Amino acid sequence: MTASASTRWLRRAVAALLVVWFTLPFVPLVLWAFADRWSYPARFPTEWGLDGLTSAVAQGGGEAFARSIVLGLVVAVIATPIGALAARGLVYGWAPFPRLLTALLFAPVLLPPFAAALGINVLFLRAHVPALVGVVWVLVVMAIPYTTFSMRAAYAAHDIGYEEEARILGASRSHVLWHVHFPLLSSALARSAFLAFLVGWSDYVVTVIIGGGQIVTLPLITAAAASGIGNDAMVAVLALAAVVPPIVLLSIIVQGRSRKEAAR
């Protein structure tokens, strides 16, 4: 066996082990999601059905799922361009006081979410800020460090000479932005948007404290169902629903990157 063949075999083996490692915890969830009855000492459900899905929908799981999707998308749409602008300014030296700006941008990562949300909530209540606006505002601030860090690495490897050459040849700023800048950094922007989406999609603390119960998202309804007793099937359905959008988005990003590399 040649060295290259051994390397390929090793990579495939490691990839297979990683797939098993990440997939194995979801097997019990899948079994519980379709189990109408599962009594000890049976190793598998004794009755199969969709009672868990029916209960999840009846308890507002569908609406909560949609709210979480919208919240994650809104956070991604706002936080991604802000992070990109901040990263571009830091990499190319356009931002004033770069060290201070870097510290401010990454400060939300260092602050405990619970303590920060409690403090900000008092200010929002006194300023009569709507709950939805406050939740989006805080989540965007929490997402900006991730988008900035991701785009900072991308801009560090980006050759700005392509944009300068296009400008020299007579292209307008908007033309350079849409036809040079975005295509070259599309993969990095997609990754940053994905990270920002995860912040909004998976948040619990900020939505509970600042939302004040007015914004019921999937993490909230899943936690409420898990704290109860007796409907494990519904909890399993909600838990599986929580991992579907990130997996789908990640698959789209990976496929898009693979197609872009294949086109080269």
# chains A, B, ... in the order shown; residues from 1 in each chain; ligands from 1

call {"tool": "residues_around", "arguments": {"residues": "Leu29 of chain A", "least_positions_apart": "2", "cutoff": "9 Å", "atoms": "only C-alpha atoms", "output": "list of chain:residue names"}}
result
A:Pro25, A:Phe26, A:Val27, A:Leu31, A:Trp32, A:Ala33, A:Phe34, A:Ala233, A:Val235, A:Ala236, A:Val237, A:Ala239, A:Leu240

call {"tool": "atom_distance", "arguments": {"atom1": "atom CA of Arg126 of chain A", "atom2": "atom CA of Val138 of chain A"}}
result
16.0 Å

call {"tool": "atom_distance", "arguments": {"atom1": "atom CA of Glu165 of chain A", "atom2": "atom CA of Ala95 of chain A"}}
result
22.9 Å

call {"tool": "closest_residue", "arguments": {"among": "A:Pro108, A:Gly60, A:Gly93, A:Gly52", "to": "Tyr155 of chain A", "atoms": "only C-alpha atoms"}}
result
A:Gly93

call {"tool": "atom_distance", "arguments": {"atom1": "atom CA of Val248 of chain A", "atom2": "atom CA of Ile78 of chain A"}}
result
21.0 Å
